[in-house]
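Below: data-v4.txt (compact mmCIF, C-alpha atoms)
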```
# COMPACT_ATOMS: atom_id res chain seq x y z
CA MET J 1 17.85 -11.60 -24.06
CA PRO J 2 17.81 -7.80 -24.37
CA ASP J 3 20.52 -5.75 -22.69
CA ALA J 4 19.46 -4.50 -19.28
CA LEU J 5 18.38 -0.87 -19.26
CA ASP J 6 20.04 1.33 -16.66
CA VAL J 7 17.49 2.77 -14.23
CA THR J 8 20.02 3.62 -11.52
CA PRO J 9 19.39 5.09 -8.93
CA TYR J 10 15.79 3.82 -8.89
CA ASP J 11 14.89 0.42 -7.47
CA ALA J 12 11.06 0.31 -7.80
CA LEU J 13 8.06 1.86 -9.57
CA LEU J 14 4.81 2.74 -7.80
CA LEU J 15 1.60 2.97 -9.83
CA LEU J 16 -0.46 5.53 -7.92
CA SER J 17 -4.17 5.78 -8.72
CA PHE J 18 -7.54 6.94 -7.45
CA GLY J 19 -9.06 3.59 -6.50
CA GLY J 20 -12.65 2.44 -6.68
CA PRO J 21 -15.17 0.10 -5.07
CA GLU J 22 -15.14 -3.62 -5.90
CA GLY J 23 -18.71 -4.41 -4.83
CA PRO J 24 -21.98 -2.84 -3.55
CA ASP J 25 -20.86 -2.86 0.10
CA ASP J 26 -17.76 -0.87 -0.84
CA VAL J 27 -19.53 2.04 -2.52
CA VAL J 28 -20.46 4.25 0.44
CA PRO J 29 -17.19 3.62 2.38
CA PHE J 30 -15.28 4.44 -0.80
CA LEU J 31 -17.21 7.69 -1.27
CA GLU J 32 -16.63 8.52 2.40
CA ASN J 33 -12.90 8.24 1.69
CA VAL J 34 -13.20 10.45 -1.38
CA THR J 35 -15.20 13.17 0.42
CA ARG J 36 -13.59 12.95 3.88
CA GLY J 37 -13.64 16.30 5.68
CA ARG J 38 -16.47 17.79 3.60
CA GLY J 39 -19.30 16.79 5.95
CA ILE J 40 -21.42 15.12 3.27
CA PRO J 41 -24.19 12.98 4.86
CA THR J 42 -24.42 9.25 4.16
CA GLU J 43 -27.79 9.59 2.43
CA ARG J 44 -26.29 12.01 -0.07
CA LEU J 45 -23.40 9.61 -0.69
CA LYS J 46 -25.90 6.84 -1.42
CA GLU J 47 -27.48 9.08 -4.06
CA VAL J 48 -24.08 9.82 -5.60
CA GLY J 49 -23.27 6.11 -5.47
CA GLN J 50 -26.11 5.25 -7.86
CA HIS J 51 -23.62 5.53 -10.71
CA TYR J 52 -21.68 2.65 -9.17
CA PHE J 53 -24.75 0.63 -8.22
CA LEU J 54 -25.79 0.65 -11.89
CA PHE J 55 -22.67 -1.43 -12.53
CA GLY J 56 -22.98 -3.79 -9.59
CA GLY J 57 -21.07 -1.47 -7.25
CA VAL J 58 -17.84 -2.20 -9.12
CA SER J 59 -15.65 0.53 -10.57
CA PRO J 60 -13.75 -0.59 -13.66
CA ILE J 61 -10.65 1.35 -12.58
CA ASN J 62 -9.17 -1.44 -10.45
CA ALA J 63 -9.33 -4.07 -13.20
CA GLN J 64 -7.87 -1.53 -15.61
CA ASN J 65 -5.00 -0.78 -13.24
CA ARG J 66 -4.30 -4.51 -12.93
CA ALA J 67 -4.21 -4.74 -16.72
CA LEU J 68 -1.81 -1.79 -16.87
CA LEU J 69 0.41 -3.44 -14.24
CA ASP J 70 0.53 -6.58 -16.38
CA ALA J 71 1.36 -4.52 -19.48
CA LEU J 72 4.16 -2.68 -17.68
CA ARG J 73 5.69 -5.86 -16.27
CA LYS J 74 5.58 -7.53 -19.67
CA ASP J 75 7.13 -4.55 -21.41
CA PHE J 76 9.85 -4.24 -18.77
CA ALA J 77 10.70 -7.95 -19.01
CA ASP J 78 10.74 -7.83 -22.83
CA HIS J 79 13.18 -4.90 -22.79
CA GLY J 80 15.49 -5.88 -19.98
CA LEU J 81 14.25 -3.35 -17.45
CA ASP J 82 14.66 -4.94 -14.03
CA LEU J 83 12.33 -2.81 -11.94
CA PRO J 84 9.64 -4.21 -9.63
CA VAL J 85 6.22 -2.56 -9.98
CA TYR J 86 3.83 -1.94 -7.07
CA TRP J 87 0.33 -0.43 -6.92
CA GLY J 88 -1.28 1.88 -4.35
CA ASN J 89 -4.48 3.94 -4.34
CA ARG J 90 -5.65 7.18 -2.84
CA ASN J 91 -9.14 6.07 -1.84
CA TRP J 92 -9.40 2.26 -1.82
CA ALA J 93 -7.40 -0.91 -1.41
CA PRO J 94 -4.58 -1.40 -2.04
CA TYR J 95 -4.08 1.81 -0.06
CA LEU J 96 -1.03 3.96 -0.77
CA THR J 97 0.34 3.87 2.80
CA ASP J 98 0.09 0.09 2.96
CA THR J 99 1.85 -0.30 -0.39
CA LEU J 100 4.60 2.16 0.51
CA ARG J 101 5.15 0.31 3.80
CA GLU J 102 5.46 -2.94 1.84
CA MET J 103 7.97 -1.35 -0.53
CA VAL J 104 10.12 -0.11 2.35
CA ARG J 105 10.05 -3.50 4.05
CA ASP J 106 11.07 -5.05 0.72
CA GLY J 107 14.17 -2.86 0.85
CA HIS J 108 13.32 -0.19 -1.73
CA ARG J 109 14.81 3.26 -1.09
CA ARG J 110 14.59 5.13 -4.42
CA ILE J 111 11.06 4.97 -5.77
CA LEU J 112 9.58 6.44 -8.95
CA VAL J 113 5.86 7.19 -9.01
CA LEU J 114 3.57 6.92 -12.03
CA ALA J 115 0.26 8.69 -11.37
CA THR J 116 -2.73 7.75 -13.52
CA SER J 117 -3.24 11.37 -14.50
CA ALA J 118 -1.45 12.78 -17.52
CA TYR J 119 -2.03 16.51 -17.00
CA ALA J 120 -1.20 19.28 -14.53
CA SER J 121 -3.85 20.15 -11.94
CA TYR J 122 -4.30 20.08 -8.19
CA SER J 123 -6.39 16.90 -8.21
CA GLY J 124 -4.30 15.27 -10.93
CA CYS J 125 -0.84 16.02 -9.51
CA ARG J 126 -0.37 17.96 -6.29
CA GLN J 127 -3.08 16.07 -4.40
CA TYR J 128 -1.25 12.83 -5.21
CA ARG J 129 1.94 14.47 -3.93
CA GLU J 130 0.09 15.38 -0.72
CA ASN J 131 -1.05 11.77 -0.41
CA LEU J 132 2.57 10.67 -0.74
CA ALA J 133 3.61 13.11 2.00
CA ASP J 134 0.85 11.77 4.28
CA ALA J 135 2.02 8.20 3.65
CA LEU J 136 5.64 9.11 4.37
CA ALA J 137 4.60 10.85 7.59
CA ALA J 138 2.76 7.69 8.67
CA LEU J 139 5.82 5.53 7.99
CA GLU J 140 8.04 8.02 9.82
CA ALA J 141 5.75 7.79 12.85
CA GLU J 142 6.19 4.01 12.72
CA GLY J 143 9.96 4.40 12.85
CA LEU J 144 10.57 3.07 9.33
CA GLU J 145 13.43 4.28 7.17
CA LEU J 146 11.93 6.62 4.58
CA PRO J 147 12.59 6.16 0.88
CA ARG J 148 13.25 9.01 -1.52
CA ILE J 149 10.31 9.40 -3.89
CA ASP J 150 10.26 11.09 -7.29
CA LYS J 151 7.30 11.44 -9.62
CA LEU J 152 7.44 10.91 -13.37
CA ARG J 153 6.75 14.03 -15.42
CA HIS J 154 3.38 14.69 -17.03
CA TYR J 155 3.07 12.48 -20.09
CA PHE J 156 0.12 14.11 -21.89
CA ASN J 157 2.20 14.81 -25.02
CA HIS J 158 4.35 11.67 -25.13
CA PRO J 159 3.83 9.80 -28.43
CA GLY J 160 2.97 6.61 -26.53
CA PHE J 161 0.02 8.40 -24.96
CA VAL J 162 -1.09 10.38 -28.01
CA GLU J 163 -0.82 7.74 -30.75
CA PRO J 164 -3.32 5.28 -29.21
CA MET J 165 -5.84 8.12 -28.90
CA ILE J 166 -5.35 9.05 -32.54
CA ASP J 167 -6.10 5.46 -33.50
CA GLY J 168 -9.16 5.50 -31.24
CA VAL J 169 -10.61 8.56 -32.95
CA LEU J 170 -9.90 7.12 -36.39
CA ALA J 171 -11.65 3.87 -35.44
CA SER J 172 -14.67 5.78 -34.11
CA LEU J 173 -14.93 7.85 -37.28
CA ALA J 174 -14.70 4.71 -39.39
CA ASP J 175 -17.53 3.18 -37.35
CA LEU J 176 -19.93 6.03 -38.18
CA PRO J 177 -22.33 5.68 -41.11
CA ALA J 178 -20.60 6.75 -44.30
CA ASP J 179 -23.12 9.52 -45.02
CA VAL J 180 -22.29 11.40 -41.77
CA ARG J 181 -18.63 10.45 -41.33
CA ASP J 182 -16.91 13.32 -43.10
CA GLY J 183 -19.09 15.92 -41.40
CA ALA J 184 -18.54 14.51 -37.91
CA HIS J 185 -17.49 16.85 -35.11
CA ILE J 186 -14.88 15.71 -32.56
CA ALA J 187 -15.64 16.56 -28.93
CA PHE J 188 -12.45 16.13 -26.93
CA THR J 189 -13.51 15.60 -23.32
CA THR J 190 -11.81 15.88 -19.96
CA HIS J 191 -12.80 16.18 -16.33
CA SER J 192 -14.25 19.57 -15.46
CA ILE J 193 -12.56 21.28 -12.52
CA PRO J 194 -13.23 24.63 -10.81
CA THR J 195 -12.01 27.50 -12.95
CA SER J 196 -9.94 28.71 -9.98
CA ALA J 197 -8.12 25.36 -9.93
CA ALA J 198 -7.61 25.44 -13.68
CA ASP J 199 -6.24 28.99 -13.58
CA THR J 200 -3.61 28.01 -10.99
CA SER J 201 -2.61 24.72 -12.61
CA GLY J 202 1.01 24.20 -13.54
CA PRO J 203 3.97 26.43 -12.61
CA VAL J 204 3.27 30.00 -11.49
CA GLU J 205 4.31 31.48 -14.84
CA GLU J 206 1.55 29.44 -16.54
CA HIS J 207 -1.25 30.54 -14.19
CA GLY J 208 -4.29 32.38 -15.55
CA ASP J 209 -6.77 31.76 -18.38
CA GLY J 210 -7.20 28.05 -17.68
CA GLY J 211 -3.58 27.52 -16.71
CA ALA J 212 -1.53 24.53 -17.80
CA TYR J 213 -4.56 22.24 -17.48
CA VAL J 214 -6.47 23.81 -20.37
CA ARG J 215 -3.39 24.54 -22.49
CA GLN J 216 -2.13 20.96 -22.22
CA HIS J 217 -5.50 19.50 -23.22
CA LEU J 218 -5.82 21.91 -26.13
CA ASP J 219 -2.36 20.94 -27.36
CA VAL J 220 -3.24 17.22 -27.27
CA ALA J 221 -6.59 17.83 -28.99
CA ARG J 222 -4.83 19.78 -31.72
CA LEU J 223 -2.26 17.01 -32.19
CA ILE J 224 -5.00 14.41 -32.62
CA ALA J 225 -7.13 16.56 -34.91
CA ASP J 226 -4.09 17.32 -37.11
CA ALA J 227 -3.18 13.63 -37.29
CA VAL J 228 -6.75 12.70 -38.22
CA ARG J 229 -6.73 15.28 -41.01
CA GLU J 230 -3.37 14.00 -42.31
CA ARG J 231 -4.50 10.36 -42.31
CA THR J 232 -8.04 10.81 -43.67
CA GLY J 233 -7.82 13.96 -45.75
CA VAL J 234 -10.82 15.36 -43.83
CA ASP J 235 -10.56 18.43 -41.60
CA HIS J 236 -13.02 17.64 -38.81
CA PRO J 237 -14.18 20.54 -36.61
CA TRP J 238 -13.41 20.00 -32.92
CA GLN J 239 -13.73 21.52 -29.48
CA LEU J 240 -12.45 20.81 -25.96
CA VAL J 241 -15.42 20.15 -23.66
CA TYR J 242 -15.88 18.94 -20.11
CA GLN J 243 -17.65 16.27 -18.11
CA SER J 244 -18.11 14.84 -14.62
CA ARG J 245 -18.67 18.09 -12.75
CA SER J 246 -19.28 17.38 -9.06
CA GLY J 247 -19.07 20.73 -7.28
CA ALA J 248 -21.53 23.16 -5.77
CA PRO J 249 -23.58 24.98 -8.45
CA HIS J 250 -22.51 28.46 -7.32
CA ILE J 251 -18.81 27.73 -7.96
CA PRO J 252 -17.66 28.30 -11.57
CA TRP J 253 -16.33 25.16 -13.27
CA LEU J 254 -14.89 24.65 -16.74
CA GLU J 255 -17.57 24.54 -19.47
CA PRO J 256 -19.25 23.54 -21.75
CA ASP J 257 -20.52 20.24 -20.40
CA ILE J 258 -20.53 17.41 -22.93
CA CYS J 259 -24.33 16.97 -22.84
CA ASP J 260 -24.90 20.69 -23.40
CA HIS J 261 -22.33 20.57 -26.17
CA LEU J 262 -24.10 17.68 -27.93
CA GLN J 263 -27.35 19.63 -27.83
CA GLU J 264 -25.69 22.77 -29.18
CA ARG J 265 -23.90 20.90 -31.99
CA HIS J 266 -27.12 19.13 -32.96
CA ALA J 267 -28.93 22.45 -33.12
CA ALA J 268 -26.14 23.78 -35.34
CA GLY J 269 -26.74 20.95 -37.81
CA VAL J 270 -23.74 18.74 -37.08
CA PRO J 271 -24.57 15.25 -38.47
CA ALA J 272 -22.51 13.19 -35.97
CA VAL J 273 -20.08 13.49 -33.04
CA VAL J 274 -17.10 11.48 -31.87
CA MET J 275 -16.49 11.85 -28.14
CA ALA J 276 -12.76 11.46 -27.43
CA PRO J 277 -11.97 11.28 -23.67
CA ILE J 278 -8.40 12.56 -23.88
CA GLY J 279 -8.35 13.58 -20.21
CA PHE J 280 -8.56 9.98 -18.94
CA VAL J 281 -5.99 7.20 -18.93
CA SER J 282 -8.57 4.39 -18.78
CA ASP J 283 -12.30 3.70 -19.19
CA HIS J 284 -13.16 4.20 -15.53
CA MET J 285 -16.48 5.32 -14.04
CA GLU J 286 -16.44 8.87 -15.39
CA VAL J 287 -16.11 7.46 -18.89
CA LEU J 288 -18.44 4.51 -18.36
CA TYR J 289 -21.27 6.56 -16.86
CA ASP J 290 -20.85 10.18 -17.96
CA LEU J 291 -20.09 9.35 -21.59
CA ASP J 292 -21.26 5.80 -22.34
CA THR J 293 -24.47 6.18 -20.33
CA GLU J 294 -25.48 9.80 -19.81
CA ALA J 295 -24.03 11.49 -22.92
CA LYS J 296 -25.09 8.64 -25.21
CA ALA J 297 -28.62 8.86 -23.80
CA LYS J 298 -28.66 12.59 -24.60
CA ALA J 299 -27.46 11.88 -28.15
CA GLU J 300 -30.13 9.23 -28.61
CA GLU J 301 -32.76 11.67 -27.41
CA LEU J 302 -31.53 14.15 -30.01
CA GLY J 303 -31.27 11.57 -32.77
CA LEU J 304 -27.57 12.44 -33.10
CA PRO J 305 -25.19 9.63 -34.13
CA VAL J 306 -22.28 9.44 -31.66
CA ARG J 307 -19.28 7.24 -31.07
CA ARG J 308 -16.95 7.21 -28.10
CA SER J 309 -13.28 6.56 -28.80
CA ALA J 310 -11.10 4.43 -26.57
CA THR J 311 -8.79 5.62 -23.84
CA VAL J 312 -5.16 4.50 -23.73
CA GLY J 313 -5.64 1.87 -21.02
CA ASP J 314 -3.06 -0.92 -21.24
CA ASP J 315 -2.03 -0.25 -24.83
CA PRO J 316 1.53 -1.57 -25.33
CA ARG J 317 2.59 1.81 -26.67
CA PHE J 318 1.61 3.43 -23.40
CA ALA J 319 3.57 0.83 -21.42
CA ALA J 320 6.55 1.55 -23.69
CA ALA J 321 6.12 5.28 -23.04
CA ILE J 322 6.33 4.70 -19.29
CA ARG J 323 9.51 2.67 -19.79
CA ASP J 324 10.92 5.54 -21.85
CA LEU J 325 10.03 8.06 -19.12
CA ILE J 326 11.66 5.91 -16.44
CA VAL J 327 14.91 5.55 -18.39
CA GLU J 328 14.84 9.28 -19.18
CA ARG J 329 14.36 10.30 -15.55
CA ALA J 330 17.01 7.89 -14.31
CA ALA J 331 19.52 9.39 -16.75
CA VAL J 332 18.65 12.89 -15.52
CA GLU J 333 19.21 11.79 -11.93
CA ARG J 334 22.64 10.44 -12.92
CA GLY J 335 23.51 13.85 -14.37
CA GLN J 336 23.38 12.86 -18.03
CA GLN J 337 22.18 15.04 -20.89
CA VAL J 338 18.75 13.90 -22.05
CA THR J 339 16.51 14.91 -24.96
CA PRO J 340 13.00 14.24 -23.64
CA CYS J 341 10.39 12.84 -26.00
CA ALA J 342 7.36 15.10 -26.48
CA LEU J 343 5.00 16.11 -29.27
CA GLY J 344 3.20 19.39 -29.85
CA ALA J 345 3.96 23.00 -29.06
CA LEU J 346 4.49 22.84 -25.30
CA GLY J 347 7.51 20.56 -25.02
CA ALA J 348 8.30 18.18 -22.20
CA SER J 349 6.93 19.00 -18.76
CA HIS J 350 9.14 19.62 -15.73
CA ASN J 351 10.62 16.68 -13.83
CA VAL J 352 10.23 18.34 -10.42
CA CYS J 353 7.14 20.37 -9.57
CA PRO J 354 8.30 23.88 -8.62
CA VAL J 355 7.10 25.86 -5.64
CA GLY J 356 3.61 27.29 -6.30
CA CYS J 357 2.73 24.62 -8.87
CA CYS J 358 -0.98 23.64 -8.70
CA PRO J 359 -1.48 25.06 -5.18
CA ALA J 360 -4.19 23.86 -2.82
CA ARG J 361 -6.62 26.26 -1.15
CA ALA J 362 -5.11 25.28 2.21
CA PRO J 363 -1.35 24.60 2.13
CA ARG J 364 -0.35 21.01 2.94
CA PRO J 365 2.99 19.20 2.73
CA ALA J 366 3.56 17.54 -0.63
CA ALA J 367 6.30 15.05 -1.51
CA ALA J 368 8.22 14.68 -4.77
CA GLY J 369 8.48 18.39 -5.51
CA ALA J 370 10.74 21.37 -4.93
CA ASP J 371 8.79 22.17 -1.76
CA SER J 372 8.91 18.61 -0.38
CA PRO J 373 9.78 18.18 3.31
CA TYR J 374 11.12 14.74 2.34
CA ALA J 375 13.93 15.72 -0.02
```

Turn this file's structure into structure tokens for me.
Amino acid sequence: MPDALDVTPYDALLLLSFGGPEGPDDVVPFLENVTRGRGIPTERLKEVGQHYFLFGGVSPINAQNRALLDALRKDFADHGLDLPVYWGNRNWAPYLTDTLREMVRDGHRRILVLATSAYASYSGCRQYRENLADALAALEAEGLELPRIDKLRHYFNHPGFVEPMIDGVLASLADLPADVRDGAHIAFTTHSIPTSAADTSGPVEEHGDGGAYVRQHLDVARLIADAVRERTGVDHPWQLVYQSRSGAPHIPWLEPDICDHLQERHAAGVPAVVMAPIGFVSDHMEVLYDLDTEAKAKAEELGLPVRRSATVGDDPRFAAAIRDLIVERAAVERGQQVTPCALGALGASHNVCPVGCCPARAPRPAAAGADSPYA
């Protein structure tokens, strides 16, 4: 048996994710949860829900989170890490507040949170911290003893996140016809967000010109492109592009959109494209519809050969990376000197989100940060 890894003072891990419907009857209620407070009529939600109805009303994200939970538990057991793992969602069952209540009743008081978002942004970090604060407030109102909650640092440049994506791009290139392979362009994709949100992503000193969100994605894209060149001997052109825009048309969002990009690259004479969704942990609906359905249809219309590389999902290297991050953070909490593991030019991200990091338009309490009311 392996020696037990020391994760003191932590006694549980919470996998915190977005959630998704598990059947046709769930779609509109799920979208109501996602858009609560925006006044979007039910008929409009039914239109938006067509993406889900195309796949039987089932989002793949829940099955993928279950697979990740299994991978984490196996990795922990194989390496002597005695840490129970729970799962809670922002917008669908199992709901975050219910899971946190269960954890408290199970006796857990020092909880680490793994969010299924690797990069800095309001929707990918601070909004989850706001959800945690809301859940803690609900438990406080019930008279329960509140746990202390910390969030694992952004893992966009951890080798266990980057290496599986490198392999995915290499596999996609190898799957292209030989006569177009070497000339293939790599389109690294991520979720588009409002430019105002991008510009204020990350700590205050990183605000402006796309903020930490754009810089972190560019650093990962560069890491992958460099690794592909080193392993194939071919220097493939690449660009960071965006997908899954959902906002009002008059509000500026990050561009170019992947479909527009495919059209532009085709017009420029590119013989093939690999779409690499580096902004996503798993193949959930944005990947399944916006890339595998919509973008591939655009490429077929253009006569442009495309391949879509895999996300990290439940890759054992990703599970190992999470174990590494847990052990690292526990050592920091015990006051030990730690050399964090990170690739690229940006270095390891902060452990505690500072004041002003990824601010919301309307201030709300957020847990697991320097400005947390639940220190």

Discussion item. What's the separation between atom CA of J:Leu288 and atom CA of J:Pro316, in Å to one decimal place?
Written reply: 22.0 Å

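Each of J:Lys46, J:His266, J:Arg105, J:Arg364 was checked against J:Tyr122 using all atoms listed in the file; the smallest atom-to-atom distance is that of J:Arg364.
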
Mind listing whatever residues come within 9 Å of the point (-9.1, 4.1, -18.9)? Use only C-alpha atoms, file coordinates, and give them as a CSV table (one decimal) with C-alpha atoms, keeping the file's coordinate frame.
```
chain,number,residue,atom,x,y,z
J,60,PRO,CA,-13.8,-0.6,-13.7
J,61,ILE,CA,-10.6,1.4,-12.6
J,64,GLN,CA,-7.9,-1.5,-15.6
J,65,ASN,CA,-5.0,-0.8,-13.2
J,280,PHE,CA,-8.6,10.0,-18.9
J,281,VAL,CA,-6.0,7.2,-18.9
J,282,SER,CA,-8.6,4.4,-18.8
J,283,ASP,CA,-12.3,3.7,-19.2
J,284,HIS,CA,-13.2,4.2,-15.5
J,285,MET,CA,-16.5,5.3,-14.0
J,287,VAL,CA,-16.1,7.5,-18.9
J,310,ALA,CA,-11.1,4.4,-26.6
J,311,THR,CA,-8.8,5.6,-23.8
J,312,VAL,CA,-5.2,4.5,-23.7
J,313,GLY,CA,-5.6,1.9,-21.0
J,314,ASP,CA,-3.1,-0.9,-21.2
```

Response to the item:
Nearest to J:Cys125, restricted to all atoms listed in the file and choosing among J:Pro94, J:Pro203, J:Pro164, J:Gly23, comes out as J:Pro203

Discussion item. Would you pick out the contacts of J:Val113 at 6 Å or less, using all atoms listed in the file, so that residues sharing its chain but fewer than 3 positions from it are not included, and give the list as a VMD selection string?
Written reply: chain J and resid 13 to 14 151 to 152

Item to complete: May I have the residues within 7 Å of J:Ile166 as a list in words, using only C-alpha atoms and disregarding those fewer than 5 positions away in the same chain?
Response: Ile224, Ala227 and Val228 of chain J

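Note that the spacing between atom CA of J:Leu15 and atom CA of J:Ala115 amounts to 6.1 Å.
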
Worksheet item: What does the distance between atom CA of J:Gly20 and atom CA of J:Phe53 come to in Å, to one decimal place?
Response: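 One can read the atom CA of J:Gly20 to atom CA of J:Phe53 distance as 12.3 Å.
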
Practice prompt. Point out the residue among J:His108, J:Arg148, J:Arg126, J:Arg101 with the least atom-to-atom distance to J:Pro354, counting all atoms listed in the file.
Written response: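 Smallest distance to J:Pro354 is found for J:Arg126.
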
Item to complete: Name the residues, using the chain letters and numbers of the file, that sit within 9 Å of (8.1, 2.2, -8.1) when counting only C-alpha atoms, and give them as a list in words.
Response: Tyr10, Asp11, Ala12, Leu13, Leu14, Leu15, Leu83, Pro84, Val85, Tyr86, Trp87, Met103, His108, Arg110, Ile111, Leu112, Val113, Leu114 and Ile149 of chain J

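Minimum atom-to-atom distances from J:Gly183, J:Pro373, J:Gly247, J:Gly56 to J:Asp134 were compared using all atoms listed in the file, and the lowest value belongs to J:Pro373.
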
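Among the candidate residues J:Leu346, J:Ala248, J:Ala272, J:Leu81, the one lying nearest to J:Pro177 is J:Ala272, with distances computed using only C-alpha atoms.
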
Response to the item:
Restricting to only C-alpha atoms, whichever of J:His51, J:Arg73, J:Arg229, J:Arg66 is closest to J:Thr293 is J:His51

Item to complete: Just the residues within 12 Å of stretch 251-256 of chain J, please, counting all atoms listed in the file, with nothing from its chain fewer than 3 positions along; format it as number ranges by chain.
Response: J: 187-199, 209-211, 213-214, 239-248, 259-265
